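Take a look at the structure below.
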Amino acid sequence: MDTKLLLIIIDGVPWRNWRRLFGNLEGWVDSGDARLWKICSVLPSTSASCYASIHTGVVPAAHGCTGNDNVFRLTQADVFGQIRKAGGITGAVAHSYWSELFNRAPFDPVRDIEYDEPESDTINHGRFHTMSGYGLINQMTPSDADLFATLTRLCETYQLDYGMLHSCTLDSMGHRFFHDCQEMDHACFVLDAMLAPYITRWRQAGYEVIVTADHGQDARGHHGGRDPLQQEAALYYFGPAEGPDPDTVIDQLQLAPTILTRLGAPVADTMKARPFLR
Ligand SMILES: [Zn+2]
C-alpha cells in the first residue's frame with residue numbers, strides 16, 4: 001500500500017454542529033494540520049443507504065439499499081474488497097449493518113460480533129455492535145472512547161492498512177434531543193475530546209485520517225431527504241495530499257475512489273466519481 005488511512009464516520013452530525021462544537025478538529029484546521037470541506041450525502045440521506053454509498057461509490061438507486069430496513073450483502077465492488085485485491089489489511093469497528101453490507105448477511109451476533117479472518121475478501125478484522133433495543137429512551141450505543149480504543153487496538157495488533165470506524169452516538173442524541181440544547185452541545189464536546197488524542201496517536205503511527213458524517217440532521221433531528229441540514233456535513237482530512245478549494249462541496253460518492261487512490265488500490269469501474277485528494 002502507498003499509505004495507510006482511517007475513515008472515522010460520526011453518524012448524523014450536520015455541518016453547523018461540526019463547525020460550532022468540535023473545537024479540537026476546528027483548532028487543527030486553524031493550525032493547518034487538517035483541511036476542511038463540506039460534504040453532501042446521497043439521497044436518501046438515510047444511514048444504511050449512506051454507508052453503502054460511502055463504500056461503493058454508487059448511489060442508492062444503483063446499490064439498492066433504500067433504507068435501514070433493507071440491508072443486505074451488496075453486490076457492487078467496495079472499498080474493503082478493492083483494498084484486499086491490492087493485498088491490504090482491512091478492519092472495521094462499526095454498527096452491524098457494515099458487516100452485513102460488506103461481508104455477510106444476515107448478521108449472526110455470535111459469529112459476527114467480532115472476527116479475525118486474514119483470508120477474507122473484504123473485512124479482515126471486524127468488531128461490531130447491533131444496538132439491539134435502540135429507541136428514543138435508550139440509545140444502546142457503546143462509548144465512543146471504547147470504539148476509538150478498539151480501532152487503535154486493531155491498528156496496532158494487525159497493522160491495518162485501512163480502518164473504518166462508525167459511531168451512532170450523536171445521531172441517536174439528535175433524534176432524541178434535537179440540536180439547540182445543552183445535551184447536544186455537551187455530547188459533541190465530549191466526542192471531540194475523546195477523539196482528539198487518538199487522532200494524534202494515529203497520525204504518529206503514520207495514518208492519514210478522514211473524519212466525517214454519513215449525513216446531517218435538521219432542527220427536528222430528522223434526515224432522509226434533501227434539506228441541506230439533512231444532507232450536509234463536514235469532512236476533515238489529516239494528511240499530505242492536496243485537495244480542492246476550501247469552498248468546494250464534496251460529493252459523498254467521491255469518498256470511495258479517493259480512499260482507494262490514496263492507498264494505491266484499484267478503483268472499481270463502477271466508482272465513477274473523481275477523487276478529491278491527489
Ligand atoms: Zn446515519
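Following the order of the C-alpha cells, chains are lettered A, B, ..., residues in each are numbered from 1, and ligands are numbered from 1.
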Would you list the contacts of A:Ala187 as a PyMOL selection string, taking every protein, DNA or RNA residue within 10 Å and counting only C-alpha atoms, but skipping same-chain residues closer than 5 positions in sequence?
chain A and resi 21+169-170+173-174+182+192-193
Selected residues, N, CA, C and O atoms, written as a PDB file, in the first residue's frame, please.
```pdb
ATOM      1  N   LEU A  21     -19.091  23.123  17.351  1.00  0.00           N
ATOM      2  CA  LEU A  21     -18.906  22.390  18.602  1.00  0.00           C
ATOM      3  C   LEU A  21     -17.658  21.511  18.681  1.00  0.00           C
ATOM      4  O   LEU A  21     -17.310  21.061  19.768  1.00  0.00           O
ATOM      5  N   THR A 169     -23.561   7.439  18.234  1.00  0.00           N
ATOM      6  CA  THR A 169     -23.925   8.187  19.434  1.00  0.00           C
ATOM      7  C   THR A 169     -24.636   9.505  19.121  1.00  0.00           C
ATOM      8  O   THR A 169     -25.705   9.799  19.663  1.00  0.00           O
ATOM      9  N   LEU A 170     -24.032  10.316  18.263  1.00  0.00           N
ATOM     10  CA  LEU A 170     -24.584  11.662  18.051  1.00  0.00           C
ATOM     11  C   LEU A 170     -25.843  11.634  17.187  1.00  0.00           C
ATOM     12  O   LEU A 170     -26.721  12.490  17.344  1.00  0.00           O
ATOM     13  N   MET A 173     -28.429  10.915  19.746  1.00  0.00           N
ATOM     14  CA  MET A 173     -28.664  12.121  20.549  1.00  0.00           C
ATOM     15  C   MET A 173     -29.528  13.129  19.790  1.00  0.00           C
ATOM     16  O   MET A 173     -30.422  13.762  20.352  1.00  0.00           O
ATOM     17  N   GLY A 174     -29.252  13.285  18.499  1.00  0.00           N
ATOM     18  CA  GLY A 174     -30.010  14.239  17.689  1.00  0.00           C
ATOM     19  C   GLY A 174     -31.461  13.838  17.527  1.00  0.00           C
ATOM     20  O   GLY A 174     -32.362  14.681  17.596  1.00  0.00           O
ATOM     21  N   GLN A 182     -28.563  21.925  25.546  1.00  0.00           N
ATOM     22  CA  GLN A 182     -27.370  21.594  26.321  1.00  0.00           C
ATOM     23  C   GLN A 182     -26.898  20.172  26.060  1.00  0.00           C
ATOM     24  O   GLN A 182     -25.696  19.901  26.030  1.00  0.00           O
ATOM     25  N   ASP A 192     -15.659  15.075  20.666  1.00  0.00           N
ATOM     26  CA  ASP A 192     -14.450  15.753  20.147  1.00  0.00           C
ATOM     27  C   ASP A 192     -13.267  15.531  21.079  1.00  0.00           C
ATOM     28  O   ASP A 192     -12.149  15.245  20.634  1.00  0.00           O
ATOM     29  N   ALA A 193     -13.508  15.616  22.383  1.00  0.00           N
ATOM     30  CA  ALA A 193     -12.421  15.443  23.354  1.00  0.00           C
ATOM     31  C   ALA A 193     -11.945  13.990  23.421  1.00  0.00           C
ATOM     32  O   ALA A 193     -10.762  13.727  23.645  1.00  0.00           O
TER      33      ALA A 193
END
```
Within 10 Å of ligand 1, counting only C-alpha atoms and all ligand atoms, residues as a list in words
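Residues satisfying the distance criterion: Ile9, Ile10, Asp11, Gly12, Val13, Ser45, Thr46, Ser47, Ala48, Ser49, Cys50, Tyr51, Asn68, His166, Ser167, Cys168, Thr169, Leu170, Asp171, Ser172, Ala213, Asp214, His215, Gly216, Gln217, His223 and Gly224 of chain A.
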In Å, how far is it from atom CA of A:Pro275 to atom CA of A:Asp2?
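Interatomic distance, atom CA of A:Pro275 to atom CA of A:Asp2: 15.6 Å.
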What's the 8 Å shell around A:Gln76, counting only C-alpha atoms, without same-chain residues fewer than 6 positions away, as a list in words?
Thr56, His63 and Thr270 of chain A
List as CSV every residue of stretch 132-222 of chain A that is in contact with stretch 231-241 of chain A, defined as an atom at most 12 Å from one of its atoms (using only C-alpha atoms), together with the nearest atom pair and the distance in Å rounded to one decimal, sorted by chain and then rising number.
```
residue,atom,partner,partner_atom,distance
A:Ile199,CA,A:Phe238,CA,8.7
A:Thr200,CA,A:Phe238,CA,10.0
A:Trp202,CA,A:Phe238,CA,10.1
A:Arg203,CA,A:Phe238,CA,7.8
A:Gln204,CA,A:Gly239,CA,11.3
A:Gly206,CA,A:Gly239,CA,9.2
A:Tyr207,CA,A:Gly239,CA,7.9
A:Glu208,CA,A:Gly239,CA,4.9
A:Val209,CA,A:Phe238,CA,5.0
A:Ile210,CA,A:Tyr237,CA,4.6
A:Val211,CA,A:Tyr236,CA,5.1
A:Thr212,CA,A:Leu235,CA,4.5
A:Ala213,CA,A:Ala233,CA,6.0
A:Asp214,CA,A:Ala233,CA,7.8
A:His215,CA,A:Gln231,CA,5.1
A:Gly216,CA,A:Gln231,CA,5.2
A:Gln217,CA,A:Gln231,CA,7.5
A:Asp218,CA,A:Gln231,CA,9.0
A:His222,CA,A:Gln231,CA,10.4
```
Put those residues in a file: all heavy atoms, as a compact mmCIF listing (two decimals), in the first residue's frame.
```
# COMPACT_ATOMS: atom_id res chain seq x y z
N ILE A 199 -6.55 10.88 17.32
CA ILE A 199 -6.07 11.43 16.04
C ILE A 199 -4.57 11.66 16.11
O ILE A 199 -3.82 11.32 15.19
CB ILE A 199 -6.84 12.71 15.69
CG1 ILE A 199 -8.27 12.33 15.27
CG2 ILE A 199 -6.13 13.48 14.57
CD1 ILE A 199 -9.12 13.46 14.78
N THR A 200 -4.11 12.23 17.22
CA THR A 200 -2.67 12.44 17.41
C THR A 200 -1.93 11.10 17.34
O THR A 200 -0.91 10.98 16.64
CB THR A 200 -2.42 13.11 18.76
OG1 THR A 200 -3.14 14.35 18.80
CG2 THR A 200 -0.94 13.37 18.97
N TRP A 202 -2.90 8.21 15.96
CA TRP A 202 -2.98 7.62 14.61
C TRP A 202 -2.04 8.34 13.65
O TRP A 202 -1.39 7.68 12.83
CB TRP A 202 -4.42 7.68 14.08
CG TRP A 202 -5.41 6.91 14.91
CD1 TRP A 202 -5.18 5.80 15.68
CD2 TRP A 202 -6.82 7.21 15.08
NE1 TRP A 202 -6.34 5.39 16.29
CE2 TRP A 202 -7.36 6.23 15.95
CE3 TRP A 202 -7.67 8.19 14.57
CZ2 TRP A 202 -8.71 6.21 16.32
CZ3 TRP A 202 -9.02 8.18 14.93
CH2 TRP A 202 -9.53 7.20 15.79
N ARG A 203 -1.95 9.65 13.75
CA ARG A 203 -1.05 10.41 12.87
C ARG A 203 0.41 10.03 13.17
O ARG A 203 1.21 9.86 12.25
CB ARG A 203 -1.27 11.91 13.07
CG ARG A 203 -2.62 12.42 12.62
CD ARG A 203 -2.78 12.38 11.11
NE ARG A 203 -1.92 13.33 10.43
CZ ARG A 203 -1.23 13.07 9.31
NH1 ARG A 203 -1.28 11.87 8.76
NH2 ARG A 203 -0.48 14.01 8.76
N GLN A 204 0.72 9.87 14.46
CA GLN A 204 2.08 9.48 14.82
C GLN A 204 2.42 8.08 14.32
O GLN A 204 3.58 7.77 14.05
CB GLN A 204 2.27 9.56 16.34
CG GLN A 204 2.36 11.00 16.85
CD GLN A 204 2.33 11.11 18.36
OE1 GLN A 204 2.03 10.15 19.07
NE2 GLN A 204 2.64 12.30 18.87
N GLY A 206 1.48 7.02 11.48
CA GLY A 206 1.62 7.10 10.03
C GLY A 206 0.33 7.03 9.25
O GLY A 206 0.35 6.90 8.02
N TYR A 207 -0.81 7.10 9.94
CA TYR A 207 -2.09 7.05 9.23
C TYR A 207 -2.53 8.43 8.75
O TYR A 207 -2.38 9.42 9.48
CB TYR A 207 -3.20 6.51 10.15
CG TYR A 207 -3.11 5.02 10.39
CD1 TYR A 207 -2.48 4.52 11.52
CD2 TYR A 207 -3.66 4.13 9.47
CE1 TYR A 207 -2.38 3.15 11.74
CE2 TYR A 207 -3.58 2.76 9.69
CZ TYR A 207 -2.94 2.28 10.81
OH TYR A 207 -2.85 0.92 11.03
N GLU A 208 -3.08 8.48 7.53
CA GLU A 208 -3.91 9.61 7.15
C GLU A 208 -5.28 9.37 7.77
O GLU A 208 -5.71 8.23 7.94
CB GLU A 208 -4.03 9.70 5.62
CG GLU A 208 -2.70 9.96 4.94
CD GLU A 208 -2.82 10.19 3.44
OE1 GLU A 208 -3.93 10.47 2.97
OE2 GLU A 208 -1.79 10.09 2.77
N VAL A 209 -5.96 10.45 8.13
CA VAL A 209 -7.25 10.31 8.82
C VAL A 209 -8.28 11.21 8.15
O VAL A 209 -8.01 12.38 7.86
CB VAL A 209 -7.12 10.69 10.31
CG1 VAL A 209 -8.47 10.52 11.02
CG2 VAL A 209 -6.05 9.84 11.00
N ILE A 210 -9.46 10.63 7.90
CA ILE A 210 -10.62 11.41 7.44
C ILE A 210 -11.70 11.27 8.51
O ILE A 210 -12.03 10.15 8.92
CB ILE A 210 -11.15 10.90 6.09
CG1 ILE A 210 -10.13 11.17 4.98
CG2 ILE A 210 -12.50 11.54 5.76
CD1 ILE A 210 -10.51 10.55 3.64
N VAL A 211 -12.23 12.40 8.97
CA VAL A 211 -13.35 12.40 9.92
C VAL A 211 -14.53 13.07 9.24
O VAL A 211 -14.41 14.20 8.74
CB VAL A 211 -13.00 13.18 11.21
CG1 VAL A 211 -14.17 13.12 12.20
CG2 VAL A 211 -11.73 12.62 11.85
N THR A 212 -15.66 12.39 9.21
CA THR A 212 -16.83 12.97 8.57
C THR A 212 -18.09 12.30 9.12
O THR A 212 -18.02 11.53 10.08
CB THR A 212 -16.75 12.83 7.03
OG1 THR A 212 -17.79 13.59 6.41
CG2 THR A 212 -16.83 11.38 6.59
N ALA A 213 -19.25 12.64 8.54
CA ALA A 213 -20.52 12.01 8.92
C ALA A 213 -21.13 11.34 7.71
O ALA A 213 -20.74 11.61 6.57
CB ALA A 213 -21.48 13.06 9.46
N ASP A 214 -22.10 10.47 7.95
CA ASP A 214 -22.81 9.85 6.83
C ASP A 214 -23.86 10.80 6.26
O ASP A 214 -24.18 10.75 5.08
CB ASP A 214 -23.44 8.51 7.25
CG ASP A 214 -24.33 8.63 8.48
OD1 ASP A 214 -24.23 9.62 9.23
OD2 ASP A 214 -25.14 7.70 8.72
N HIS A 215 -24.41 11.66 7.11
CA HIS A 215 -25.43 12.64 6.73
C HIS A 215 -25.55 13.62 7.88
O HIS A 215 -24.94 13.42 8.94
CB HIS A 215 -26.79 11.95 6.48
CG HIS A 215 -27.20 11.07 7.62
ND1 HIS A 215 -27.66 11.57 8.82
CD2 HIS A 215 -27.15 9.72 7.78
CE1 HIS A 215 -27.89 10.56 9.65
NE2 HIS A 215 -27.57 9.42 9.05
N GLY A 216 -26.35 14.68 7.72
CA GLY A 216 -26.62 15.62 8.80
C GLY A 216 -27.92 15.27 9.50
O GLY A 216 -28.37 14.12 9.50
N GLN A 217 -28.48 16.27 10.14
CA GLN A 217 -29.81 16.16 10.75
C GLN A 217 -30.41 17.58 10.77
O GLN A 217 -29.69 18.55 10.99
CB GLN A 217 -29.73 15.67 12.20
CG GLN A 217 -29.61 14.17 12.36
CD GLN A 217 -29.90 13.73 13.81
OE1 GLN A 217 -30.08 14.54 14.71
NE2 GLN A 217 -29.90 12.42 14.01
N ASP A 218 -31.72 17.68 10.60
CA ASP A 218 -32.34 19.00 10.64
C ASP A 218 -32.73 19.37 12.08
O ASP A 218 -32.39 18.67 13.03
CB ASP A 218 -33.53 19.08 9.67
CG ASP A 218 -34.71 18.22 10.09
OD1 ASP A 218 -34.76 17.76 11.26
OD2 ASP A 218 -35.60 18.01 9.24
N HIS A 222 -34.24 15.14 12.14
CA HIS A 222 -34.63 14.26 11.04
C HIS A 222 -33.59 14.28 9.93
O HIS A 222 -32.84 15.25 9.76
CB HIS A 222 -36.00 14.67 10.48
CG HIS A 222 -36.51 13.73 9.44
ND1 HIS A 222 -36.92 12.45 9.73
CD2 HIS A 222 -36.66 13.87 8.10
CE1 HIS A 222 -37.30 11.84 8.61
NE2 HIS A 222 -37.15 12.68 7.62
```
Just to confirm, what's the straight-line distance from atom CA of A:Phe72 to atom CA of A:Phe148 in Å (one decimal)?
26.3 Å
Nearest residue to A:Arg262 from the set A:Tyr162, A:Phe178, A:Trp28, A:Phe128 (distances using only C-alpha atoms):
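Ranked by minimum distance to A:Arg262, first place goes to A:Tyr162.
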Closest to A:Gln139 among A:Gly163, A:Pro197, A:Gly225, A:His175, using only C-alpha atoms?
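With only C-alpha atoms as the atom set, the closest residue is A:His175.
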List every residue of stretch 70-192 of chain A that DSSP, applied to the backbone of this structure, assigns to helix (DSSP H, G or I), and report them as a ChimeraX atom specification.
/A:79-85,96-102,109-112,144-158,169-177,182-192
Restricting the output to N, CA and C atoms, write the selected residues as a short mmCIF file (atom, residue, chain, number, x, y, z; two decimals), in the first residue's frame.
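Saved result, out_33.cif, follows:
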```cif
data_model
loop_
_atom_site.label_atom_id
_atom_site.label_comp_id
_atom_site.auth_asym_id
_atom_site.auth_seq_id
_atom_site.Cartn_x
_atom_site.Cartn_y
_atom_site.Cartn_z
N VAL A 79 -14.87 -0.51 -1.01
CA VAL A 79 -13.53 -0.11 -0.55
C VAL A 79 -12.79 -1.28 0.09
N PHE A 80 -13.45 -2.02 0.99
CA PHE A 80 -12.77 -3.14 1.64
C PHE A 80 -12.25 -4.14 0.59
N GLY A 81 -13.12 -4.52 -0.34
CA GLY A 81 -12.76 -5.54 -1.33
C GLY A 81 -11.64 -5.09 -2.25
N GLN A 82 -11.67 -3.82 -2.64
CA GLN A 82 -10.63 -3.31 -3.55
C GLN A 82 -9.27 -3.26 -2.85
N ILE A 83 -9.29 -2.93 -1.56
CA ILE A 83 -8.02 -2.90 -0.80
C ILE A 83 -7.50 -4.32 -0.63
N ARG A 84 -8.39 -5.27 -0.41
CA ARG A 84 -7.96 -6.67 -0.31
C ARG A 84 -7.33 -7.15 -1.62
N LYS A 85 -7.91 -6.71 -2.75
CA LYS A 85 -7.35 -7.10 -4.05
C LYS A 85 -5.91 -6.61 -4.20
N SER A 96 -23.49 -3.16 13.08
CA SER A 96 -23.51 -4.44 12.37
C SER A 96 -23.98 -4.31 10.92
N TYR A 97 -24.68 -3.22 10.57
CA TYR A 97 -25.05 -3.04 9.17
C TYR A 97 -23.83 -3.10 8.26
N TRP A 98 -22.71 -2.58 8.76
CA TRP A 98 -21.49 -2.55 7.93
C TRP A 98 -21.02 -3.96 7.62
N SER A 99 -21.14 -4.86 8.57
CA SER A 99 -20.75 -6.25 8.33
C SER A 99 -21.71 -6.89 7.33
N GLU A 100 -23.00 -6.58 7.45
CA GLU A 100 -23.98 -7.16 6.54
C GLU A 100 -23.83 -6.62 5.11
N LEU A 101 -23.57 -5.34 5.00
CA LEU A 101 -23.45 -4.73 3.67
C LEU A 101 -22.21 -5.22 2.92
N PHE A 102 -21.11 -5.43 3.69
CA PHE A 102 -19.83 -5.63 3.00
C PHE A 102 -19.18 -6.98 3.27
N PRO A 109 -25.14 -12.66 15.69
CA PRO A 109 -24.46 -11.90 16.75
C PRO A 109 -23.30 -12.63 17.39
N VAL A 110 -23.31 -13.95 17.40
CA VAL A 110 -22.18 -14.67 17.99
C VAL A 110 -21.04 -14.81 16.98
N ARG A 111 -21.36 -15.23 15.79
CA ARG A 111 -20.34 -15.43 14.76
C ARG A 111 -19.70 -14.10 14.34
N ASP A 112 -20.53 -13.05 14.26
CA ASP A 112 -20.09 -11.83 13.59
C ASP A 112 -19.78 -10.66 14.52
N ASP A 144 -17.98 6.06 22.85
CA ASP A 144 -17.07 6.36 21.75
C ASP A 144 -15.61 6.16 22.15
N ALA A 145 -15.31 6.36 23.43
CA ALA A 145 -13.94 6.11 23.89
C ALA A 145 -13.58 4.65 23.66
N ASP A 146 -14.52 3.74 23.88
CA ASP A 146 -14.25 2.32 23.66
C ASP A 146 -14.08 2.01 22.17
N LEU A 147 -14.90 2.65 21.35
CA LEU A 147 -14.78 2.41 19.90
C LEU A 147 -13.42 2.89 19.38
N PHE A 148 -13.00 4.08 19.81
CA PHE A 148 -11.71 4.61 19.34
C PHE A 148 -10.56 3.71 19.82
N ALA A 149 -10.66 3.24 21.06
CA ALA A 149 -9.61 2.36 21.58
C ALA A 149 -9.59 1.03 20.82
N THR A 150 -10.77 0.53 20.47
CA THR A 150 -10.83 -0.74 19.75
C THR A 150 -10.19 -0.62 18.37
N LEU A 151 -10.49 0.46 17.66
CA LEU A 151 -9.85 0.65 16.35
C LEU A 151 -8.33 0.75 16.50
N THR A 152 -7.89 1.46 17.52
CA THR A 152 -6.45 1.61 17.74
C THR A 152 -5.81 0.26 18.04
N ARG A 153 -6.50 -0.54 18.82
CA ARG A 153 -6.03 -1.90 19.11
C ARG A 153 -5.86 -2.71 17.83
N LEU A 154 -6.85 -2.62 16.93
CA LEU A 154 -6.76 -3.35 15.66
C LEU A 154 -5.58 -2.83 14.84
N CYS A 155 -5.41 -1.51 14.79
CA CYS A 155 -4.30 -0.94 14.01
C CYS A 155 -2.96 -1.44 14.53
N GLU A 156 -2.82 -1.45 15.86
CA GLU A 156 -1.52 -1.75 16.45
C GLU A 156 -1.25 -3.25 16.53
N THR A 157 -2.30 -4.06 16.57
CA THR A 157 -2.13 -5.51 16.63
C THR A 157 -2.00 -6.13 15.25
N TYR A 158 -2.79 -5.63 14.31
CA TYR A 158 -2.87 -6.29 12.99
C TYR A 158 -2.30 -5.43 11.86
N THR A 169 -23.56 7.44 18.23
CA THR A 169 -23.93 8.19 19.43
C THR A 169 -24.64 9.50 19.12
N LEU A 170 -24.03 10.32 18.26
CA LEU A 170 -24.58 11.66 18.05
C LEU A 170 -25.84 11.63 17.19
N ASP A 171 -25.97 10.67 16.30
CA ASP A 171 -27.23 10.50 15.57
C ASP A 171 -28.35 10.20 16.55
N SER A 172 -28.09 9.30 17.49
CA SER A 172 -29.12 8.96 18.47
C SER A 172 -29.45 10.16 19.35
N MET A 173 -28.43 10.92 19.75
CA MET A 173 -28.66 12.12 20.55
C MET A 173 -29.53 13.13 19.79
N GLY A 174 -29.25 13.28 18.50
CA GLY A 174 -30.01 14.24 17.69
C GLY A 174 -31.46 13.84 17.53
N HIS A 175 -31.69 12.54 17.33
CA HIS A 175 -33.08 12.07 17.21
C HIS A 175 -33.82 12.31 18.53
N ARG A 176 -33.11 12.20 19.62
CA ARG A 176 -33.77 12.30 20.92
C ARG A 176 -33.94 13.76 21.38
N PHE A 177 -32.83 14.52 21.29
CA PHE A 177 -32.82 15.85 21.91
C PHE A 177 -32.86 17.01 20.92
N GLN A 182 -28.56 21.93 25.55
CA GLN A 182 -27.37 21.59 26.32
C GLN A 182 -26.90 20.17 26.06
N GLU A 183 -27.86 19.25 25.91
CA GLU A 183 -27.49 17.85 25.74
C GLU A 183 -26.61 17.65 24.51
N MET A 184 -27.01 18.30 23.38
CA MET A 184 -26.22 18.12 22.16
C MET A 184 -24.90 18.87 22.23
N ASP A 185 -24.91 20.08 22.80
CA ASP A 185 -23.64 20.80 22.98
C ASP A 185 -22.64 19.90 23.70
N HIS A 186 -23.10 19.31 24.78
CA HIS A 186 -22.21 18.50 25.61
C HIS A 186 -21.78 17.22 24.90
N ALA A 187 -22.71 16.59 24.20
CA ALA A 187 -22.38 15.32 23.53
C ALA A 187 -21.32 15.53 22.45
N CYS A 188 -21.43 16.61 21.69
CA CYS A 188 -20.43 16.89 20.65
C CYS A 188 -19.09 17.25 21.28
N PHE A 189 -19.15 18.04 22.33
CA PHE A 189 -17.93 18.43 23.06
C PHE A 189 -17.19 17.20 23.59
N VAL A 190 -17.94 16.26 24.16
CA VAL A 190 -17.31 15.06 24.72
C VAL A 190 -16.73 14.18 23.62
N LEU A 191 -17.46 14.03 22.53
CA LEU A 191 -16.93 13.17 21.46
C LEU A 191 -15.65 13.77 20.88
N ASP A 192 -15.66 15.08 20.67
CA ASP A 192 -14.45 15.75 20.15
C ASP A 192 -13.27 15.53 21.08
#
```
Point out the residue among A:Val29, A:Met194, A:Ile54, A:Leu43 with the least atom-to-atom distance to A:Gln252, counting only C-alpha atoms.
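Using only C-alpha atoms, A:Gln252 sits closest to A:Ile54.
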Picked from stretch 55-271 of chain A by DSSP as strand (DSSP E or B), as a PyMOL selection string
chain A and resi 90-95+114-116+125-129+135+138+162-167+207-212+232-238+249-251
Hey, what's within 10 Å of A:Pro246 if we count only C-alpha atoms and toss same-chain stuff fewer than 2 positions away? As a PDB file with all heavy atoms, in the first residue's frame, please?
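Everything below was put into around35.pdb:
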```
ATOM      1  N   ARG A  35      -7.394  19.782   6.818  1.00  0.00           N
ATOM      2  CA  ARG A  35      -8.142  20.516   5.800  1.00  0.00           C
ATOM      3  C   ARG A  35      -9.620  20.219   6.007  1.00  0.00           C
ATOM      4  O   ARG A  35      -9.980  19.119   6.436  1.00  0.00           O
ATOM      5  CB  ARG A  35      -7.727  20.076   4.387  1.00  0.00           C
ATOM      6  CG  ARG A  35      -6.251  20.323   4.056  1.00  0.00           C
ATOM      7  CD  ARG A  35      -5.974  21.773   3.708  1.00  0.00           C
ATOM      8  NE  ARG A  35      -6.880  22.295   2.708  1.00  0.00           N
ATOM      9  CZ  ARG A  35      -6.712  22.156   1.382  1.00  0.00           C
ATOM     10  NH1 ARG A  35      -5.681  21.491   0.919  1.00  0.00           N
ATOM     11  NH2 ARG A  35      -7.583  22.688   0.530  1.00  0.00           N
ATOM     12  N   LEU A  36     -10.466  21.184   5.667  1.00  0.00           N
ATOM     13  CA  LEU A  36     -11.905  21.060   5.906  1.00  0.00           C
ATOM     14  C   LEU A  36     -12.679  21.359   4.634  1.00  0.00           C
ATOM     15  O   LEU A  36     -12.388  22.356   3.954  1.00  0.00           O
ATOM     16  CB  LEU A  36     -12.330  22.055   6.995  1.00  0.00           C
ATOM     17  CG  LEU A  36     -13.831  22.279   7.160  1.00  0.00           C
ATOM     18  CD1 LEU A  36     -14.513  21.058   7.753  1.00  0.00           C
ATOM     19  CD2 LEU A  36     -14.091  23.512   8.020  1.00  0.00           C
ATOM     20  N   TRP A  37     -13.634  20.484   4.323  1.00  0.00           N
ATOM     21  CA  TRP A  37     -14.581  20.754   3.248  1.00  0.00           C
ATOM     22  C   TRP A  37     -15.981  20.392   3.716  1.00  0.00           C
ATOM     23  O   TRP A  37     -16.151  19.631   4.664  1.00  0.00           O
ATOM     24  CB  TRP A  37     -14.259  19.919   1.999  1.00  0.00           C
ATOM     25  CG  TRP A  37     -12.976  20.265   1.360  1.00  0.00           C
ATOM     26  CD1 TRP A  37     -12.742  21.284   0.468  1.00  0.00           C
ATOM     27  CD2 TRP A  37     -11.710  19.598   1.549  1.00  0.00           C
ATOM     28  NE1 TRP A  37     -11.409  21.285   0.104  1.00  0.00           N
ATOM     29  CE2 TRP A  37     -10.756  20.259   0.750  1.00  0.00           C
ATOM     30  CE3 TRP A  37     -11.294  18.502   2.307  1.00  0.00           C
ATOM     31  CZ2 TRP A  37      -9.427  19.877   0.689  1.00  0.00           C
ATOM     32  CZ3 TRP A  37      -9.967  18.116   2.260  1.00  0.00           C
ATOM     33  CH2 TRP A  37      -9.048  18.798   1.449  1.00  0.00           C
ATOM     34  N   LYS A  38     -16.965  20.947   3.005  1.00  0.00           N
ATOM     35  CA  LYS A  38     -18.343  20.493   3.182  1.00  0.00           C
ATOM     36  C   LYS A  38     -18.541  19.269   2.294  1.00  0.00           C
ATOM     37  O   LYS A  38     -18.026  19.203   1.185  1.00  0.00           O
ATOM     38  CB  LYS A  38     -19.312  21.612   2.799  1.00  0.00           C
ATOM     39  CG  LYS A  38     -20.778  21.287   3.049  1.00  0.00           C
ATOM     40  CD  LYS A  38     -21.677  22.460   2.663  1.00  0.00           C
ATOM     41  CE  LYS A  38     -21.644  23.583   3.688  1.00  0.00           C
ATOM     42  NZ  LYS A  38     -22.618  24.666   3.369  1.00  0.00           N
ATOM     43  N   GLY A 243      -5.974  18.954  -1.879  1.00  0.00           N
ATOM     44  CA  GLY A 243      -7.401  18.855  -2.140  1.00  0.00           C
ATOM     45  C   GLY A 243      -7.909  20.058  -2.906  1.00  0.00           C
ATOM     46  O   GLY A 243      -7.135  20.937  -3.281  1.00  0.00           O
ATOM     47  N   PRO A 244      -9.218  20.103  -3.129  1.00  0.00           N
ATOM     48  CA  PRO A 244      -9.805  21.210  -3.892  1.00  0.00           C
ATOM     49  C   PRO A 244      -9.877  22.495  -3.061  1.00  0.00           C
ATOM     50  O   PRO A 244      -9.511  22.510  -1.886  1.00  0.00           O
ATOM     51  CB  PRO A 244     -11.209  20.688  -4.213  1.00  0.00           C
ATOM     52  CG  PRO A 244     -11.519  19.733  -3.105  1.00  0.00           C
ATOM     53  CD  PRO A 244     -10.211  19.107  -2.717  1.00  0.00           C
ATOM     54  N   THR A 248     -15.237  24.202  -2.064  1.00  0.00           N
ATOM     55  CA  THR A 248     -15.746  23.078  -2.858  1.00  0.00           C
ATOM     56  C   THR A 248     -16.618  22.183  -1.985  1.00  0.00           C
ATOM     57  O   THR A 248     -16.265  21.886  -0.845  1.00  0.00           O
ATOM     58  CB  THR A 248     -14.577  22.242  -3.413  1.00  0.00           C
ATOM     59  OG1 THR A 248     -13.743  23.090  -4.202  1.00  0.00           O
ATOM     60  CG2 THR A 248     -15.067  21.083  -4.240  1.00  0.00           C
ATOM     61  N   VAL A 249     -17.762  21.779  -2.500  1.00  0.00           N
ATOM     62  CA  VAL A 249     -18.607  20.806  -1.797  1.00  0.00           C
ATOM     63  C   VAL A 249     -18.317  19.424  -2.375  1.00  0.00           C
ATOM     64  O   VAL A 249     -18.493  19.181  -3.567  1.00  0.00           O
ATOM     65  CB  VAL A 249     -20.103  21.147  -1.939  1.00  0.00           C
ATOM     66  CG1 VAL A 249     -20.952  20.088  -1.231  1.00  0.00           C
ATOM     67  CG2 VAL A 249     -20.389  22.531  -1.364  1.00  0.00           C
TER      68      VAL A 249
END
```
Contacts of A:Arg274 within 9 Å, only C-alpha atoms, excl. fewer than 3 positions in-chain, as a PyMOL selection string
chain A and resi 253-255+257-258+271
Interatomic distance, atom CA of A:Ala94 to atom CA of A:Pro118 (Å, one decimal)
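Taking atom CA of A:Ala94 as the start and atom CA of A:Pro118 as the end point, the length is 18.5 Å.
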